[in-house]
Structures are given as structure tokens and as C-alpha cells.
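Below you'll find the structure, written out as C-alpha cells, and then a few comments.
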Amino acid sequence: MTNWEDKLTAFLHDPPSKALNIPGHEGLSDKLREVWYSAKGDDALYDQISASADRPGVPGHKEGCSVNFVEIPELTHPISAGRLRLNLAVAKPDIAAIEEYLVAALNAMVLNEEDPNKSKFFTLFEGLKQTLSQNEHTFYSVWNKMPADTRIPDHSIWHHNSLVSALSVCKNEPYFFVFSLGPVQGFISEARKLRDLWVGSMILSYLAWIGIRVICDDFGPDHIVYPSLSGQPFFSEYIQERGLSELVESIEPEQKKIASFPNKFVAILPKDSVTDEGKRIEEAILSEWKLIADSVYQRASMRAASNLEYFKQIWERQNNRFWECYWLASPWFKTLDDDLAKELPESDKTNINKLAKLFQEASGYPANQGICYSPSHGIVQALHAALKNSRRFREGYREPGDKCTQCGTRQQLSTSENRGDTRAFWKHMKEGIGDDIRDGERLCSVCLIKRIIGRGSLGLPSTLGNVFKNASFPSSTAMAFDPIVRKLKKLDKSEIWNDFVSECGGDEKSYNMLHDNDEKDHPDEKVSRFFRRLRVEAGIKPTNIFGKYYAVLLMDGDKMGDLVNGKADKLATWQDIMHSSLPEKLRESKSKARTRGWIEPGILQGKRHLTPSVHKAISEALGDFALNTVPYVIKKHHGHLIYTGGDDVLAVMPIDTVLPAAEEIMELYRAPFLVKRFEGTGWRIEKCNGEYTPEKGKKLLIHLGEAATISAAVVIAHHKAPLKGVIHEAHQVLKKEAKDGADRDAVAVLLKKRGGAEKLVAKKWKSDGDAAYIALLTELAKALCDYDQKASSKLMYKIEQNKTALETLVKEGPEGSVEKLLESLIEKGQRNKDKGDGKWEQERAALANRLKAILLDKGSTLKMDGLMIARFLAQAIGGE
């Protein structure tokens, strides 16, 4: 049983404003405890462990190494090289007024009287932080990042206090606990409709939250190492439903429909609670899945009255053994002499002992188990990976009967083994469910759940029900046709589309009509009339390209395991995470016995160590990225997000915007600090360039910075191509081409033309000395569009004919000879071009340079695929 009062006093050992008044911070802690009549706790040991785990030991005030945050307010990035100077709106913060406001804010918080101490703790963890960020006018959202140590301002006071309170519950036996839920790709990607993909992602995210919620209930959110909970819609709703705290930050409606929880989480738990907690989490997830499945079963079983028992057997067999839960725990080592620690490589032990000596010598405090955070975390991750790879023995079975037309692995739902009965059952199902089931579709229970959940299903958990209520998701046809709808709006001809939608009876039905009538010799009269109006009234001619293709965008962070385990190549150095004034203070300090370790040549330039705050920062960055940045970019570029769980992104996009969207996501992913602000009628996210001015309505975000890279796959496919195959190819292209073939930090584009050969390019986002590849590709597409569609087709043919000559010039020709040949080929396609003002020569040279950059593959070889993709995009953008 968790003692919430003990956690409360541990969390309050340091006040949120400690960085502003270090000499008086203990007095303020006393005042804050007095608000809630809490006794002072004996938390010195846990404070020392947390401090040792979170930051390097450095000298303090007596050695001349203190830092005044009020005079030079500065934050550093915990993962990558990055520094943010704060421009305060007032000349100097009024510390006394801020401390009075803190006490008053805490005093005004409304608590849950039935569980007051638990409510107080959640108020400290989330409610007070939100109140300060929204209403305290000096720092506003900087309160979320207020540093725990002004000398090492790379981690917040909230992170530090959370670890102290978690350790106070674990006492002297903290264990790392890792839990993961699967299958992931099998559950998500088995889909015919884009909505199926989104629904599967939301269910998986929700079930992961159910597991995390058990720990929040039993021990508190401070025990979750990652993912970050702050700002997560499920977590915010949980707090408010239970009356655990007042929250002033509103969750945007779009954010509630984002699948942002990954399928894996890590926590710190007491040793004697690990086994019971693992079982409780697994039981909670399986129980919640049963509620979800039962809500659909009640509706589907009404169509199986002829033989309900047979139907029920299939249903229970498929759902009772579907989810795989993997969890284990191992100790947070006290010393490197612990049993499991003996398995560490000698090089790791040597490095840890060096750090311990350096920290102890500089700080004057004896080394403690905090220094063993990194190896302890590494061991539990390795054990968990081994557990998953070994695949716990499960009694196997072979699914009988005809298989589901969607997943192809599980048996179709039916009332008997007779195929005639099965067809009759599904005809009956379609009559009751409607357009969600197509002619010829026969689904298993899992695929049926994803298909119709939220469409009037009774008994669905309220949190999930609210997500799916009135939720719509575009079809692939809608995404393919989106450029035409936008073009009509731009031409002030939107009535053409609106009239067609009215005739069909709504947006969804209009897209279904376009889908069903595509490629028909004699389409429905409504479709024929609509296309005629496009041509005659708007000058738009839908072809076998324009209005027929859409894009799937799949992105994934590179080598996240290295980042999480502190092995990333560009991880921040010791000097990077220190306040800018500290290295000089270390060099000038007269206490050489304390500072000598830090000022040895090369030490400050060495890679920083792995800490709980690094994990918190990674988690927080991925949360900000998933809930704020990715939705902003996808919406800006007219796409629709399917999921964004941490560093993973899956979205469907119009083909004319997918490449700029991918590039913008990559750029923002690698920014250290960003700001989210309301502008006009919506939110805008942009990079912080070294400085930040706190203002109401702004939110300071952290991302991963230069230590992290992300790769992408873009698959351009016909709107009638089977979705499951498109998603599968996106994953293959991402892994084999962008990550393995181009060695990560890359983008791969696959064009799947209907009835034609595939075209594929995979390139680094940006090579040394070269322009960004996506910019080159999009600029070339626009240039070809302006150049002339027929001429550009001839140009591609001419380049193909002269490929051998071009390759010879690349290998042996003088500088500029490749460009000259390309210019001559361009000239032949544009004999009637107006060339009198000199502008044509500039355009021709620019086009030749772009053609060469796209043509060059590896070494001196040339590849036409990039040019063919650019020409295709030009036809799509131009609408011809």
C-alpha cells in the first residue's frame, strides 16, 4: 500500500522555484508543506541518489562554481548540443512575489476529499506545473523546464523531485520494470480501409495506457521512466475523472484522436511489488480488451442466431489468446559488486568507476547507487529483449476453416463449417452493418472489431468511446482527390465539388462513388456530370494520374536503442550540458583539489553519461513531437495522421504535399528547442534559435536535437491499390532502402504506377556540400511543370537515350560537361521558347543542375528513377 503522504513530503523536499533562490529554498519548502499540514520527510538519501543519477558532481558555492539563474537564465539540452538563453519580460524577477504566488496557488487548489493525500500528490506532479505555466507571468511555460541545478540546467526540478518521491516508495530496493505489448504491426497493418489502420493504432495506444494506469493508481505517475505522461490526453482525462487535480491546460480535440502511447514502457518499482504489479497490468489490459471485444460481440452475435455456439467458439478462441504481454524486472544496482552487475563488460565497469571518482572528488559527496543508473537500465533492457526473442512457450493451434479476407490468418466468423452458411451469415451481417462491410468481405473477430468499433457499439469503455464517437477518417480515394478539391477552392469553383457531394448524399458517399466508378467505361451519370463540369467550368482534366494517386508517409527514428542507452554518436558533451559560465569557473576556482578532474584536457569535451533525466527528456521530446509537432505539420500539408507513437509516424498524404511534409518533420525532429504559439486561427510550431521570450499563449517544447536522426519512406500508390500491400511495402522500403541501403538519416520514395514499372530512389536527406534532396526533387517537379508536360516527357526520353554519354562525361569529361549536354537536351525540347531577355539561359542552367543532382546515384552511375518520379509529380501538380 503506497503511503501518499510520504511521497508528498519527498516531492516537496525542493520547491519548484529552487533555481531562483537557492539559499532560501528550504524555507519555501517548509511553507509549501504547511499549506497541506505535511511533516518534513527524511529524504536526504533519496535526494542524493537522484542527484547522483541525474547530474555530474561539480563543485559548488564555496569553490566559486555557483551559478545565478536570475542573472543569467539559461537552459541546456540534455541529449544534444543545444543552449537556450531566456529573455525575461521584466528586468529582474521578483523572487518574493513569485514565492508568494506559489504558496497561494497551492493553497487554492481544490482537492479530492475522499483521497486527499493522493490528490495532493497529483496536484504537485501535474496541476501546479500547469497553473504556473499558464498564469505566472515572469516565466510562463519555462516553469515546465525550470532547472533542478543551475550549474547543470539540462533537467527540470519536476524530473528530480519525481525520482526522489519514487525512490522514497522503493526504499532501498528499487527495481527497473519493463513491459511491452504485442503484436504491433500485425494488429495495425491488417487493414483494408485507412480507418482500420487508425482504429488499430488507437486501440494499441489505449491498451498501453491501461497498463501504465495501473502503476499510476498503485504507486503514482512519478514511477514511470518513459513514456512521458505530461500533456497526454489519456493521462489528463484520468486525473480529471478521478478528481485528483485541477488542470488548466486544455487538450485539443485533435490530440485526443492521436495514437501516441508506444507499446512499451519502463518504470521503477519496489522489489517486493514487481511480480504482483506485472500480473495486475497484464490482467488489466486483457480485461479491457475483453470489454472492447464484447462491445462488438453484442452487435455481431445477433446475426448468428442460427448457431450462436459455433460463432462464439471462433470468437473466444481468437480473442482470448490474441495479445502477448512481455514483462520482467531487475535491480537498480547498489554497487558494481551486485550479482547481475558482474555480467557487465569490464570496459563499462572501468568507465563507471572513473565517473564515480570524478563526481565524488568534485562534489565532496560519497558515491552512491545513483551512479549505477545506466548499467542497471542497460541490463533490464537486454533481459527484456532476450525474453521477447525467446518467445515464451504458448500452446500452438492451427486456425481451421476459410481465412479472413482481410488478415488472411484467422478463420472467418461463421455459424458453421458450410461455406453456404458462411456466405448467408455475412450477407446478414452486411444488412445490419451497412457500408462498413463490402460485398465478398468475410472477416475474423479481430478485423471485425477494428472495422465497426465505435459505430454504435454498446459497452465500449467511455474513454475509448469518446475517441471514436463521430470520428471520421478519409479514404484513399479522398486523399487522391484532395489536390482537385483544393484546386477548385483556389479557382473559386468549390460549388462544383459541393454540388457533387450533395447529389451523392455526403462526403463519404461521394468518395465511394468516385472509387467504384473509376476505370469504368460508362460511369454513373453523377460522376460523368461532375467530371464534365471539372473540364468545362474549371479547366481541370482528371487523368490516369491527377486525382488518382495518394501517398503513404512512414517515418521512424534511427538507432533509438543507441540513444536510449547513451551510445548515440552526437550525444551532448559535459560542456554542452553545463551552464555557459561554469567551465570558466571550474578553471578559475582556487579549489584545485575539487576541480582538477574536470579541467584535465579533453574531459569537458567527453560524452555525457546516461541519466534518468536523459530518459525523461527523450520521452518528453517524443511526446511533444507526437502530440504537437507531427499533427501540426501533417495538417498544414493537408494530410491525415494514422499514428505517431514516439519516434514513429504513419500518415496518408496528397502526393503534391507529402515530400515537403516529410522534410519539415525531419527538420523539427532534430531541433533542440521549439516554441508552439497561437497565430491567427491555429497553432504554429517553429524552432527556437538560441533565445526564448516567455509569453502567455506560448509553449516551450523540447525535441531530440542533432544527436538523433529519422528516416522516411514515401510510397505513392493508386487509390485502388490494396491498402495492406501499400503499408507492407512502406515498411519494406523504410527498412531496406532508407535505413539499410542509404544508411539511415535518409528518405526513400517508391512510385507504384498502375500497370507500369516501379520507380525507387533512396537518398540522404542532405549530403555534405549538397542541397537537401527533397528540395531538389520538388523544385525539379515544379520546373518540369513550368517547362511543359509534353516537352518534359520528351526530355526524359532524350536523357534515357543519352545515358551512356552522360555517364562517360561524369567519369572522364571536363567540369561542367554533363550540365552542357543536359542543357542541349533541354534546348531541343523548347525550340519555341522566348529567349530574348536572357532569362531562359538562367532557367535552362538551373534545370540542368537539378537534373544532374537527381540523376547521380552512387559513384559515377546515373539512375533515371528520380527523374521519372519528378516528372510524375509534375504531372500531378500540374493536373495534366
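Chain labels run A, B, ... following the order of the C-alpha cells; each chain numbers its residues from 1, and ligands are numbered from 1 in the order shown.
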Notebook entry, point to check: Got a sec to tell me which of region 377-617 of chain A DSSP assigns to strand (DSSP E), as an MDAnalysis selection string?
Noted result: chainID A and resid 549:557
Output N, CA, C and O atoms for every residue in that selection, as an mmCIF file, in the first residue's frame.
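Once everything was written out, this is out39.cif:
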```cif
data_model
loop_
_atom_site.group_PDB
_atom_site.id
_atom_site.type_symbol
_atom_site.label_atom_id
_atom_site.label_comp_id
_atom_site.auth_asym_id
_atom_site.auth_seq_id
_atom_site.Cartn_x
_atom_site.Cartn_y
_atom_site.Cartn_z
ATOM 1 N N TYR A 549 -3.892 9.223 -57.455
ATOM 2 C CA TYR A 549 -2.815 8.695 -56.611
ATOM 3 C C TYR A 549 -2.747 9.455 -55.286
ATOM 4 O O TYR A 549 -3.047 10.651 -55.224
ATOM 5 N N TYR A 550 -2.337 8.724 -54.253
ATOM 6 C CA TYR A 550 -2.105 9.335 -52.936
ATOM 7 C C TYR A 550 -0.784 8.791 -52.398
ATOM 8 O O TYR A 550 -0.134 7.958 -53.041
ATOM 9 N N ALA A 551 -0.373 9.263 -51.241
ATOM 10 C CA ALA A 551 0.922 8.844 -50.688
ATOM 11 C C ALA A 551 0.769 8.367 -49.254
ATOM 12 O O ALA A 551 -0.038 8.911 -48.482
ATOM 13 N N VAL A 552 1.539 7.365 -48.917
ATOM 14 C CA VAL A 552 1.701 6.922 -47.525
ATOM 15 C C VAL A 552 3.065 7.403 -47.053
ATOM 16 O O VAL A 552 4.080 7.175 -47.732
ATOM 17 N N LEU A 553 3.086 8.075 -45.924
ATOM 18 C CA LEU A 553 4.336 8.554 -45.324
ATOM 19 C C LEU A 553 4.605 7.763 -44.051
ATOM 20 O O LEU A 553 3.791 7.778 -43.121
ATOM 21 N N LEU A 554 5.729 7.076 -44.023
ATOM 22 C CA LEU A 554 6.144 6.301 -42.852
ATOM 23 C C LEU A 554 7.515 6.808 -42.414
ATOM 24 O O LEU A 554 8.445 6.875 -43.220
ATOM 25 N N MET A 555 7.641 7.184 -41.149
ATOM 26 C CA MET A 555 8.912 7.693 -40.625
ATOM 27 C C MET A 555 9.243 6.973 -39.316
ATOM 28 O O MET A 555 8.345 6.581 -38.565
ATOM 29 N N ASP A 556 10.539 6.833 -39.075
ATOM 30 C CA ASP A 556 10.969 6.109 -37.881
ATOM 31 C C ASP A 556 12.339 6.621 -37.447
ATOM 32 O O ASP A 556 13.250 6.760 -38.279
ATOM 33 N N GLY A 557 12.496 6.899 -36.153
ATOM 34 C CA GLY A 557 13.771 7.363 -35.628
ATOM 35 C C GLY A 557 14.864 6.319 -35.816
ATOM 36 O O GLY A 557 14.612 5.112 -35.711
#
```
Next item on the list: Could you give me, as a ChimeraX atom specification, the residues within 10 Å of region 179-182 of chain A, counting only C-alpha atoms and dropping anything in the same chain fewer than 4 positions from it?
Entry: /A:186-187,204-205,207-208,211-212,262-267,278,281-282,285,322-329,384,388
Using the selection just defined, write its residues with N, CA and C atoms as a PDB file, in the first residue's frame.
```
ATOM      1  N   GLY A 186       1.286  -6.568 -36.863  1.00  0.00           N
ATOM      2  CA  GLY A 186       0.229  -7.458 -37.303  1.00  0.00           C
ATOM      3  C   GLY A 186      -1.150  -6.909 -36.988  1.00  0.00           C
ATOM      4  N   PHE A 187      -1.293  -6.310 -35.816  1.00  0.00           N
ATOM      5  CA  PHE A 187      -2.593  -5.784 -35.409  1.00  0.00           C
ATOM      6  C   PHE A 187      -2.945  -4.517 -36.176  1.00  0.00           C
ATOM      7  N   LEU A 204      -4.288  -0.012 -29.659  1.00  0.00           N
ATOM      8  CA  LEU A 204      -2.995  -0.406 -29.102  1.00  0.00           C
ATOM      9  C   LEU A 204      -2.467   0.657 -28.148  1.00  0.00           C
ATOM     10  N   SER A 205      -2.580   1.929 -28.531  1.00  0.00           N
ATOM     11  CA  SER A 205      -2.142   3.024 -27.674  1.00  0.00           C
ATOM     12  C   SER A 205      -2.946   3.039 -26.368  1.00  0.00           C
ATOM     13  N   LEU A 207      -4.537   0.487 -24.914  1.00  0.00           N
ATOM     14  CA  LEU A 207      -4.203  -0.655 -24.054  1.00  0.00           C
ATOM     15  C   LEU A 207      -2.868  -0.452 -23.346  1.00  0.00           C
ATOM     16  N   ALA A 208      -1.901   0.185 -24.034  1.00  0.00           N
ATOM     17  CA  ALA A 208      -0.639   0.512 -23.373  1.00  0.00           C
ATOM     18  C   ALA A 208      -0.895   1.461 -22.212  1.00  0.00           C
ATOM     19  N   GLY A 211      -2.130  -0.280 -19.077  1.00  0.00           N
ATOM     20  CA  GLY A 211      -1.048  -0.830 -18.268  1.00  0.00           C
ATOM     21  C   GLY A 211      -0.364   0.236 -17.435  1.00  0.00           C
ATOM     22  N   ILE A 212      -0.082   1.380 -18.042  1.00  0.00           N
ATOM     23  CA  ILE A 212       0.547   2.489 -17.313  1.00  0.00           C
ATOM     24  C   ILE A 212      -0.368   2.988 -16.202  1.00  0.00           C
ATOM     25  N   PRO A 262       3.440   4.518 -26.997  1.00  0.00           N
ATOM     26  CA  PRO A 262       4.100   3.344 -27.585  1.00  0.00           C
ATOM     27  C   PRO A 262       3.676   2.078 -26.867  1.00  0.00           C
ATOM     28  N   ASN A 263       4.016   0.926 -27.438  1.00  0.00           N
ATOM     29  CA  ASN A 263       3.578  -0.346 -26.848  1.00  0.00           C
ATOM     30  C   ASN A 263       4.497  -0.830 -25.735  1.00  0.00           C
ATOM     31  N   LYS A 264       5.500  -0.012 -25.371  1.00  0.00           N
ATOM     32  CA  LYS A 264       6.469  -0.419 -24.355  1.00  0.00           C
ATOM     33  C   LYS A 264       6.653   0.709 -23.343  1.00  0.00           C
ATOM     34  N   PHE A 265       6.728   0.346 -22.059  1.00  0.00           N
ATOM     35  CA  PHE A 265       7.006   1.371 -21.052  1.00  0.00           C
ATOM     36  C   PHE A 265       7.952   0.823 -19.994  1.00  0.00           C
ATOM     37  N   VAL A 266       8.629   1.742 -19.312  1.00  0.00           N
ATOM     38  CA  VAL A 266       9.619   1.404 -18.286  1.00  0.00           C
ATOM     39  C   VAL A 266       9.256   2.150 -17.007  1.00  0.00           C
ATOM     40  N   ALA A 267       9.359   1.459 -15.878  1.00  0.00           N
ATOM     41  CA  ALA A 267       9.019   2.065 -14.587  1.00  0.00           C
ATOM     42  C   ALA A 267      10.043   1.645 -13.537  1.00  0.00           C
ATOM     43  N   GLY A 278       3.177  -6.781 -12.215  1.00  0.00           N
ATOM     44  CA  GLY A 278       3.193  -7.299 -13.578  1.00  0.00           C
ATOM     45  C   GLY A 278       1.927  -8.060 -13.906  1.00  0.00           C
ATOM     46  N   ILE A 281      -1.048  -5.620 -14.229  1.00  0.00           N
ATOM     47  CA  ILE A 281      -1.022  -4.889 -15.503  1.00  0.00           C
ATOM     48  C   ILE A 281      -1.532  -5.773 -16.630  1.00  0.00           C
ATOM     49  N   GLU A 282      -1.040  -7.009 -16.672  1.00  0.00           N
ATOM     50  CA  GLU A 282      -1.468  -7.929 -17.718  1.00  0.00           C
ATOM     51  C   GLU A 282      -2.968  -8.206 -17.626  1.00  0.00           C
ATOM     52  N   ILE A 285      -5.008  -5.131 -18.859  1.00  0.00           N
ATOM     53  CA  ILE A 285      -5.015  -4.985 -20.319  1.00  0.00           C
ATOM     54  C   ILE A 285      -5.946  -6.005 -20.959  1.00  0.00           C
ATOM     55  N   PHE A 322      -5.075 -13.601 -28.162  1.00  0.00           N
ATOM     56  CA  PHE A 322      -4.519 -12.709 -29.170  1.00  0.00           C
ATOM     57  C   PHE A 322      -3.309 -11.917 -28.679  1.00  0.00           C
ATOM     58  N   TRP A 323      -3.392 -11.283 -27.504  1.00  0.00           N
ATOM     59  CA  TRP A 323      -2.347 -10.353 -27.057  1.00  0.00           C
ATOM     60  C   TRP A 323      -1.200 -11.074 -26.372  1.00  0.00           C
ATOM     61  N   GLU A 324       0.004 -10.594 -26.611  1.00  0.00           N
ATOM     62  CA  GLU A 324       1.221 -11.122 -25.992  1.00  0.00           C
ATOM     63  C   GLU A 324       1.793 -10.055 -25.065  1.00  0.00           C
ATOM     64  N   CYS A 325       1.927 -10.370 -23.796  1.00  0.00           N
ATOM     65  CA  CYS A 325       2.477  -9.443 -22.802  1.00  0.00           C
ATOM     66  C   CYS A 325       3.849  -9.950 -22.344  1.00  0.00           C
ATOM     67  N   TYR A 326       4.846  -9.096 -22.465  1.00  0.00           N
ATOM     68  CA  TYR A 326       6.200  -9.451 -22.036  1.00  0.00           C
ATOM     69  C   TYR A 326       6.625  -8.463 -20.948  1.00  0.00           C
ATOM     70  N   TRP A 327       6.957  -8.979 -19.779  1.00  0.00           N
ATOM     71  CA  TRP A 327       7.423  -8.084 -18.726  1.00  0.00           C
ATOM     72  C   TRP A 327       8.410  -8.796 -17.812  1.00  0.00           C
ATOM     73  N   LEU A 328       9.332  -8.013 -17.284  1.00  0.00           N
ATOM     74  CA  LEU A 328      10.282  -8.507 -16.287  1.00  0.00           C
ATOM     75  C   LEU A 328      10.886  -7.313 -15.555  1.00  0.00           C
ATOM     76  N   ALA A 329      11.653  -7.607 -14.530  1.00  0.00           N
ATOM     77  CA  ALA A 329      12.295  -6.555 -13.740  1.00  0.00           C
ATOM     78  C   ALA A 329      13.656  -7.034 -13.271  1.00  0.00           C
ATOM     79  N   HIS A 384      14.985  -7.955 -21.259  1.00  0.00           N
ATOM     80  CA  HIS A 384      13.664  -7.880 -21.883  1.00  0.00           C
ATOM     81  C   HIS A 384      13.737  -8.265 -23.358  1.00  0.00           C
ATOM     82  N   LYS A 388      11.740 -11.406 -25.220  1.00  0.00           N
ATOM     83  CA  LYS A 388      10.912 -11.312 -26.419  1.00  0.00           C
ATOM     84  C   LYS A 388      11.432 -12.228 -27.530  1.00  0.00           C
TER      85      LYS A 388
END
```
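Pairwise distance (CA of Glu246 (chain A), CA of Glu114 (chain A)) equals 15.3 Å.
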Margin query: Please return, as JSON, numbers by chain, all residues of region 448-560 of chain A that DSSP assigns to helix (DSSP H, G or I) on the basis of the backbone.
Written below: {"A": [448, 449, 450, 451, 452, 462, 463, 464, 465, 466, 467, 468, 476, 477, 478, 479, 480, 481, 482, 483, 484, 485, 486, 487, 488, 489, 490, 494, 495, 496, 497, 498, 499, 500, 501, 502, 503, 504, 507, 508, 509, 510, 511, 512, 513, 514, 515, 516, 517, 525, 526, 527, 528, 529, 530, 531, 532, 533, 534, 535, 536, 537, 538, 560]}
Per residue of region 750-834 of chain A within 9 Å of region 838-848 of chain A, which atom pair is closest and at what distance in Å (one decimal), using only C-alpha atoms, listed by chain and increasing number, as CSV?
```
residue,atom,partner,partner_atom,distance
A:Leu780,CA,A:Leu847,CA,7.0
A:Ala783,CA,A:Leu847,CA,6.9
A:Leu784,CA,A:Leu847,CA,8.3
A:Val818,CA,A:Ala848,CA,8.6
A:Glu819,CA,A:Ala848,CA,5.6
A:Lys820,CA,A:Ala848,CA,7.9
A:Leu821,CA,A:Ala848,CA,8.7
A:Leu822,CA,A:Ala848,CA,5.5
A:Glu823,CA,A:Ala848,CA,5.7
A:Ile826,CA,A:Arg844,CA,6.9
A:Glu827,CA,A:Arg844,CA,7.7
A:Lys833,CA,A:Trp840,CA,7.8
A:Asp834,CA,A:Trp840,CA,7.3
```
Checklist line | Nearest candidate to Gly200 (chain A) (options A:Glu5, A:Ile292, A:Lys256, A:Ala707; using only C-alpha atoms) | finding: A:Ile292
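All residues of protein, DNA or RNA that reach within 9 Å of Ile258 (chain A), judged by only C-alpha atoms and not counting those fewer than 2 positions away in the chain, are Trp198, Ser201, Met202, Ser205, Pro233, Glu254, Gln255, Lys256, Ser260, Phe261, Ala626, Leu627, Pro631, Leu641, Ile642, Tyr643, Thr644 and Gly645 of chain A.
Across A:Phe121, A:Arg442, A:Leu851, A:Leu358, the tightest approach to Trp36 (chain A) is made by A:Phe121 when counting only C-alpha atoms.
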Notebook entry, point to check: Within 12 Å of Lys493 (chain A), counting only C-alpha atoms, which residues qualify if same-chain residues fewer than 4 places away don't, as a ChimeraX atom specification?
Noted result: /A:484-489,497-499,533-540
Next item on the list: Skip region 190-194 of chain A itself and residues of its chain fewer than 3 positions away, then list as a ChimeraX atom specification all residues within 12 Å of it, counting only C-alpha atoms.
Entry: /A:183-187,197-201,404-410,435-438,441,443-444,446-452,472-479,512,552,640-643,650-653,719-728
Next item on the list: Considering only C-alpha atoms, return as number ranges by chain whatever protein or nucleic-acid residues lie within 9 Å of Gly690 (chain A), sequence-local ones (same chain, fewer than 2 positions apart) excluded.
Entry: A: 82-86, 673, 688, 692
